[in-house]
$ cat model25.cif   # mmCIF, N, CA and C atoms and all ligand atoms
data_target
#
loop_
_atom_site.label_atom_id
_atom_site.label_comp_id
_atom_site.auth_asym_id
_atom_site.auth_seq_id
_atom_site.Cartn_x
_atom_site.Cartn_y
_atom_site.Cartn_z
N MET A 13 -18.47 -85.13 -40.17
CA MET A 13 -18.79 -86.40 -39.49
C MET A 13 -20.28 -86.49 -39.19
N THR A 14 -20.84 -87.60 -39.48
CA THR A 14 -22.24 -87.82 -39.15
C THR A 14 -22.33 -88.93 -38.11
N THR A 15 -23.26 -88.78 -37.23
CA THR A 15 -23.43 -89.80 -36.19
C THR A 15 -24.65 -90.66 -36.44
N GLU A 16 -25.28 -90.45 -37.58
CA GLU A 16 -26.47 -91.24 -37.86
C GLU A 16 -26.10 -92.70 -38.04
N PRO A 17 -26.87 -93.58 -37.47
CA PRO A 17 -26.56 -95.01 -37.66
C PRO A 17 -26.83 -95.43 -39.09
N GLU A 18 -26.06 -96.39 -39.53
CA GLU A 18 -26.29 -96.91 -40.88
C GLU A 18 -27.62 -97.65 -40.91
N PRO A 19 -28.41 -97.38 -41.92
CA PRO A 19 -29.65 -98.15 -42.03
C PRO A 19 -29.35 -99.59 -42.41
N ASP A 20 -30.22 -100.46 -42.03
CA ASP A 20 -30.07 -101.85 -42.44
C ASP A 20 -30.16 -101.91 -43.97
N PRO A 21 -29.28 -102.66 -44.57
CA PRO A 21 -29.35 -102.75 -46.03
C PRO A 21 -30.60 -103.49 -46.48
N GLU A 22 -31.10 -103.07 -47.62
CA GLU A 22 -32.21 -103.80 -48.21
C GLU A 22 -31.74 -105.20 -48.58
N PRO A 23 -32.53 -106.21 -48.33
CA PRO A 23 -32.09 -107.55 -48.74
C PRO A 23 -32.02 -107.65 -50.26
N PRO A 24 -31.04 -108.37 -50.75
CA PRO A 24 -30.95 -108.52 -52.21
C PRO A 24 -32.15 -109.24 -52.78
N VAL A 25 -32.44 -108.94 -54.03
CA VAL A 25 -33.55 -109.59 -54.72
C VAL A 25 -32.98 -110.63 -55.67
N PHE A 26 -33.53 -111.82 -55.61
CA PHE A 26 -33.04 -112.91 -56.44
C PHE A 26 -34.08 -113.27 -57.50
N GLN A 27 -33.58 -113.48 -58.72
CA GLN A 27 -34.44 -114.14 -59.70
C GLN A 27 -34.30 -115.64 -59.48
N PRO A 28 -35.35 -116.39 -59.76
CA PRO A 28 -35.29 -117.83 -59.50
C PRO A 28 -34.36 -118.57 -60.44
N TYR A 29 -33.81 -119.66 -59.95
CA TYR A 29 -33.07 -120.67 -60.72
C TYR A 29 -31.83 -120.09 -61.41
N LEU A 30 -31.13 -119.23 -60.70
CA LEU A 30 -29.90 -118.67 -61.25
C LEU A 30 -28.82 -118.70 -60.17
N TYR A 31 -27.58 -118.57 -60.62
CA TYR A 31 -26.46 -118.55 -59.69
C TYR A 31 -26.01 -117.11 -59.44
N TYR A 32 -25.74 -116.85 -58.17
CA TYR A 32 -25.30 -115.52 -57.76
C TYR A 32 -24.03 -115.64 -56.93
N ARG A 33 -23.28 -114.54 -56.93
CA ARG A 33 -22.19 -114.37 -55.97
C ARG A 33 -22.78 -113.55 -54.82
N VAL A 34 -22.79 -114.15 -53.64
CA VAL A 34 -23.54 -113.57 -52.53
C VAL A 34 -22.58 -113.25 -51.39
N THR A 35 -22.77 -112.10 -50.76
CA THR A 35 -22.05 -111.81 -49.52
C THR A 35 -23.07 -111.71 -48.39
N ALA A 36 -22.62 -112.13 -47.21
CA ALA A 36 -23.50 -112.12 -46.04
C ALA A 36 -22.67 -111.84 -44.81
N ARG A 37 -23.32 -111.28 -43.81
CA ARG A 37 -22.63 -110.90 -42.58
C ARG A 37 -23.27 -111.60 -41.39
N ASP A 38 -22.40 -112.12 -40.54
CA ASP A 38 -22.87 -112.74 -39.31
C ASP A 38 -23.27 -111.65 -38.33
N GLU A 39 -24.48 -111.73 -37.83
CA GLU A 39 -24.96 -110.71 -36.89
C GLU A 39 -25.33 -111.32 -35.55
N THR A 40 -24.73 -112.43 -35.24
CA THR A 40 -24.98 -113.07 -33.94
C THR A 40 -23.91 -112.61 -32.97
N LEU A 41 -24.32 -111.84 -31.99
CA LEU A 41 -23.39 -111.15 -31.10
C LEU A 41 -22.41 -112.09 -30.41
N THR A 42 -22.88 -113.28 -30.10
CA THR A 42 -22.06 -114.20 -29.33
C THR A 42 -21.16 -115.07 -30.19
N CYS A 43 -21.23 -114.90 -31.50
CA CYS A 43 -20.51 -115.80 -32.41
C CYS A 43 -19.10 -115.27 -32.66
N VAL A 44 -18.15 -116.18 -32.81
CA VAL A 44 -16.78 -115.75 -33.13
C VAL A 44 -16.72 -115.07 -34.49
N ASN A 45 -17.69 -115.33 -35.33
CA ASN A 45 -17.73 -114.71 -36.66
C ASN A 45 -18.49 -113.39 -36.67
N TYR A 46 -18.89 -112.90 -35.52
CA TYR A 46 -19.72 -111.70 -35.47
C TYR A 46 -19.06 -110.57 -36.26
N GLU A 47 -19.85 -109.94 -37.14
CA GLU A 47 -19.45 -108.81 -37.96
C GLU A 47 -18.53 -109.21 -39.10
N GLN A 48 -18.25 -110.47 -39.24
CA GLN A 48 -17.45 -110.90 -40.38
C GLN A 48 -18.35 -111.09 -41.59
N ILE A 49 -17.76 -110.84 -42.75
CA ILE A 49 -18.52 -110.95 -44.00
C ILE A 49 -17.99 -112.13 -44.79
N PHE A 50 -18.90 -112.92 -45.28
CA PHE A 50 -18.56 -114.13 -46.01
C PHE A 50 -19.07 -114.02 -47.44
N THR A 51 -18.35 -114.64 -48.34
CA THR A 51 -18.72 -114.62 -49.75
C THR A 51 -18.92 -116.04 -50.24
N VAL A 52 -20.01 -116.24 -50.94
CA VAL A 52 -20.23 -117.52 -51.63
C VAL A 52 -20.19 -117.21 -53.11
N GLU A 53 -19.24 -117.87 -53.80
CA GLU A 53 -19.04 -117.53 -55.21
C GLU A 53 -20.15 -118.08 -56.09
N GLN A 54 -20.72 -119.20 -55.70
CA GLN A 54 -21.81 -119.77 -56.49
C GLN A 54 -22.95 -120.13 -55.56
N CYS A 55 -23.88 -119.23 -55.45
CA CYS A 55 -25.06 -119.46 -54.62
C CYS A 55 -26.26 -119.61 -55.54
N TYR A 56 -26.93 -120.74 -55.44
CA TYR A 56 -28.09 -120.99 -56.30
C TYR A 56 -29.32 -120.38 -55.65
N SER A 57 -30.12 -119.73 -56.47
CA SER A 57 -31.22 -118.96 -55.91
C SER A 57 -32.48 -119.78 -55.67
N ASN A 58 -32.46 -121.06 -56.06
CA ASN A 58 -33.66 -121.90 -55.90
C ASN A 58 -34.88 -121.22 -56.52
N ASN A 59 -35.93 -121.08 -55.77
CA ASN A 59 -37.12 -120.44 -56.35
C ASN A 59 -37.07 -118.91 -56.24
N GLY A 60 -35.96 -118.39 -55.77
CA GLY A 60 -35.78 -116.95 -55.73
C GLY A 60 -36.20 -116.31 -54.43
N THR A 61 -36.88 -117.06 -53.58
CA THR A 61 -37.39 -116.46 -52.34
C THR A 61 -36.82 -117.13 -51.10
N ASN A 62 -36.02 -118.13 -51.28
CA ASN A 62 -35.57 -118.90 -50.12
C ASN A 62 -34.05 -119.04 -50.11
N VAL A 63 -33.36 -117.92 -50.33
CA VAL A 63 -31.91 -117.95 -50.32
C VAL A 63 -31.43 -117.64 -48.91
N ARG A 64 -30.67 -118.57 -48.34
CA ARG A 64 -30.19 -118.40 -46.98
C ARG A 64 -28.71 -118.71 -46.93
N MET A 65 -28.02 -118.02 -46.05
CA MET A 65 -26.65 -118.39 -45.72
C MET A 65 -26.58 -118.57 -44.22
N VAL A 66 -26.10 -119.72 -43.81
CA VAL A 66 -26.08 -120.07 -42.40
C VAL A 66 -24.63 -120.10 -41.94
N CYS A 67 -24.37 -119.50 -40.81
CA CYS A 67 -23.03 -119.48 -40.25
C CYS A 67 -22.61 -120.89 -39.87
N ALA A 68 -21.37 -121.25 -40.26
CA ALA A 68 -20.89 -122.60 -39.95
C ALA A 68 -20.62 -122.77 -38.45
N ARG A 69 -20.46 -121.68 -37.73
CA ARG A 69 -20.15 -121.76 -36.32
C ARG A 69 -21.40 -121.76 -35.44
N CYS A 70 -22.23 -120.73 -35.62
CA CYS A 70 -23.37 -120.60 -34.70
C CYS A 70 -24.66 -121.13 -35.30
N ARG A 71 -24.64 -121.47 -36.59
CA ARG A 71 -25.81 -122.05 -37.26
C ARG A 71 -26.97 -121.09 -37.37
N HIS A 72 -26.73 -119.83 -37.15
CA HIS A 72 -27.78 -118.84 -37.36
C HIS A 72 -27.73 -118.33 -38.80
N ASP A 73 -28.87 -117.85 -39.26
CA ASP A 73 -28.89 -117.20 -40.56
C ASP A 73 -28.06 -115.93 -40.52
N MET A 74 -27.31 -115.71 -41.58
CA MET A 74 -26.59 -114.46 -41.71
C MET A 74 -27.40 -113.48 -42.55
N ARG A 75 -27.11 -112.20 -42.35
CA ARG A 75 -27.81 -111.20 -43.14
C ARG A 75 -27.20 -111.13 -44.53
N LEU A 76 -28.04 -111.29 -45.54
CA LEU A 76 -27.57 -111.19 -46.91
C LEU A 76 -27.33 -109.72 -47.25
N LEU A 77 -26.17 -109.44 -47.78
CA LEU A 77 -25.80 -108.06 -48.08
C LEU A 77 -25.92 -107.74 -49.57
N THR A 78 -25.25 -108.55 -50.38
CA THR A 78 -25.27 -108.29 -51.82
C THR A 78 -25.46 -109.59 -52.56
N ALA A 79 -26.00 -109.47 -53.77
CA ALA A 79 -26.15 -110.62 -54.65
C ALA A 79 -25.86 -110.13 -56.07
N GLU A 80 -24.87 -110.74 -56.66
CA GLU A 80 -24.44 -110.33 -57.99
C GLU A 80 -24.67 -111.51 -58.93
N LEU A 81 -25.48 -111.28 -59.93
CA LEU A 81 -25.79 -112.35 -60.88
C LEU A 81 -24.52 -112.75 -61.63
N LEU A 82 -24.22 -114.04 -61.65
CA LEU A 82 -23.04 -114.52 -62.36
C LEU A 82 -23.30 -114.49 -63.86
N ASP A 83 -22.37 -113.87 -64.57
CA ASP A 83 -22.51 -113.75 -66.01
C ASP A 83 -21.17 -114.05 -66.65
N PRO A 84 -20.99 -115.16 -67.33
CA PRO A 84 -22.03 -116.15 -67.62
C PRO A 84 -22.35 -117.01 -66.41
N GLN A 85 -23.46 -117.66 -66.47
CA GLN A 85 -23.84 -118.61 -65.44
C GLN A 85 -22.90 -119.81 -65.48
N PRO A 86 -22.53 -120.36 -64.33
CA PRO A 86 -21.63 -121.50 -64.33
C PRO A 86 -22.27 -122.73 -64.98
N GLU A 87 -21.38 -123.51 -65.62
CA GLU A 87 -21.86 -124.76 -66.21
C GLU A 87 -22.08 -125.76 -65.09
N VAL A 88 -23.23 -126.37 -65.08
CA VAL A 88 -23.54 -127.36 -64.05
C VAL A 88 -23.79 -128.69 -64.74
N SER A 89 -23.03 -129.68 -64.34
CA SER A 89 -23.18 -130.98 -64.98
C SER A 89 -24.15 -131.83 -64.18
ZN ZN B 101 -22.07 -117.17 -36.49
#
$ encode --input "model25.cif" --output "structure tokens" --more "lines below"
Ligand SMILES: [Zn+2]
Amino acid sequence: MTTEPEPDPEPPVFQPYLYYRVTARDETLTCVNYEQIFTVEQCYSNNGTNVRMVCARCRHDMRLLTAELLDPQPEVS
């Protein structure tokens, strides 16, 4: 057993203008979603530097945990 605290995960790196499957965790202590992890199946990376997931309850930014490039990329009409 180790008692060392888990380090904060490195934020995922996004390439611009692509779709990712993203997971994020609510870290707002007072929120009903605190410590819950959410998945967005199609998250667009925009310019690659401004990817945010906002909690629907507390409206705070959630911590991005993972980003998996969708392969193939979804068809967008
Ligand atoms: Zn929240």
$ closest_atom_pairs --input "model25.cif" --of "chain A" --to "ligand ZN 101 (chain B)" --cutoff "8 Å" --atoms "all atoms listed in the file" --output "JSON lines"
{"residue": "A:Arg37", "atom": "C", "partner": "B:ZN101", "partner_atom": "ZN", "distance": 7.5}
{"residue": "A:Asp38", "atom": "CA", "partner": "B:ZN101", "partner_atom": "ZN", "distance": 5.3}
{"residue": "A:Glu39", "atom": "N", "partner": "B:ZN101", "partner_atom": "ZN", "distance": 6.1}
{"residue": "A:Thr40", "atom": "N", "partner": "B:ZN101", "partner_atom": "ZN", "distance": 5.6}
{"residue": "A:Leu41", "atom": "N", "partner": "B:ZN101", "partner_atom": "ZN", "distance": 7.3}
{"residue": "A:Thr42", "atom": "C", "partner": "B:ZN101", "partner_atom": "ZN", "distance": 6.7}
{"residue": "A:Cys43", "atom": "CA", "partner": "B:ZN101", "partner_atom": "ZN", "distance": 4.6}
{"residue": "A:Val44", "atom": "N", "partner": "B:ZN101", "partner_atom": "ZN", "distance": 5.5}
{"residue": "A:Asn45", "atom": "N", "partner": "B:ZN101", "partner_atom": "ZN", "distance": 4.9}
{"residue": "A:Tyr46", "atom": "N", "partner": "B:ZN101", "partner_atom": "ZN", "distance": 5.4}
{"residue": "A:Glu47", "atom": "N", "partner": "B:ZN101", "partner_atom": "ZN", "distance": 7.6}
{"residue": "A:Val66", "atom": "C", "partner": "B:ZN101", "partner_atom": "ZN", "distance": 6.7}
{"residue": "A:Cys67", "atom": "CA", "partner": "B:ZN101", "partner_atom": "ZN", "distance": 4.5}
{"residue": "A:Ala68", "atom": "N", "partner": "B:ZN101", "partner_atom": "ZN", "distance": 5.6}
{"residue": "A:Arg69", "atom": "C", "partner": "B:ZN101", "partner_atom": "ZN", "distance": 4.8}
{"residue": "A:Cys70", "atom": "N", "partner": "B:ZN101", "partner_atom": "ZN", "distance": 3.7}
{"residue": "A:Arg71", "atom": "N", "partner": "B:ZN101", "partner_atom": "ZN", "distance": 5.0}
{"residue": "A:His72", "atom": "N", "partner": "B:ZN101", "partner_atom": "ZN", "distance": 5.4}
{"residue": "A:Asp73", "atom": "C", "partner": "B:ZN101", "partner_atom": "ZN", "distance": 7.3}
{"residue": "A:Met74", "atom": "CA", "partner": "B:ZN101", "partner_atom": "ZN", "distance": 7.4}
$ closest_residue --input "model25.cif" --among "A:Leu82, A:Leu76, A:Val88, A:Leu30" --to "A:Tyr56" --atoms "only N, CA and C atoms"
A:Leu30
$ atom_distance --input "model25.cif" --atom1 "atom CA of A:Val52" --atom2 "atom CA of A:Thr35"
6.4 Å
$ atom_distance --input "model25.cif" --atom1 "atom CA of A:Ala36" --atom2 "atom CA of A:Ser89"
26.7 Å
$ atom_distance --input "model25.cif" --atom1 "atom C of A:Val63" --atom2 "atom N of A:Asp20"
18.5 Å
$ axis_aligned_box --input "model25.cif" --around "stretch 20-31 of chain A" --padding-each-side "5 Å" --output "AutoDock Vina command-line options"
--center_x -30.7 --center_y -110.6 --center_z -51.7 --size_x 19.3 --size_y 30.2 --size_z 29.4
$ select_by_dssp --input "model25.cif" --residues "chain A" --states "strand (DSSP E)" --output "PyMOL selection string"
chain A and resi 31-37+49-56+75-81
$ residues_around --input "model25.cif" --residues "A:Leu81" --least-positions-apart "5" --cutoff "5 Å" --atoms "all atoms listed in the file" --output "PyMOL selection string"
chain A and resi 31-33
$ closest_residue --input "model25.cif" --among "A:Val34, A:Glu53, A:Asn58, A:Glu16" --to "A:Glu80" --atoms "all atoms listed in the file"
A:Val34
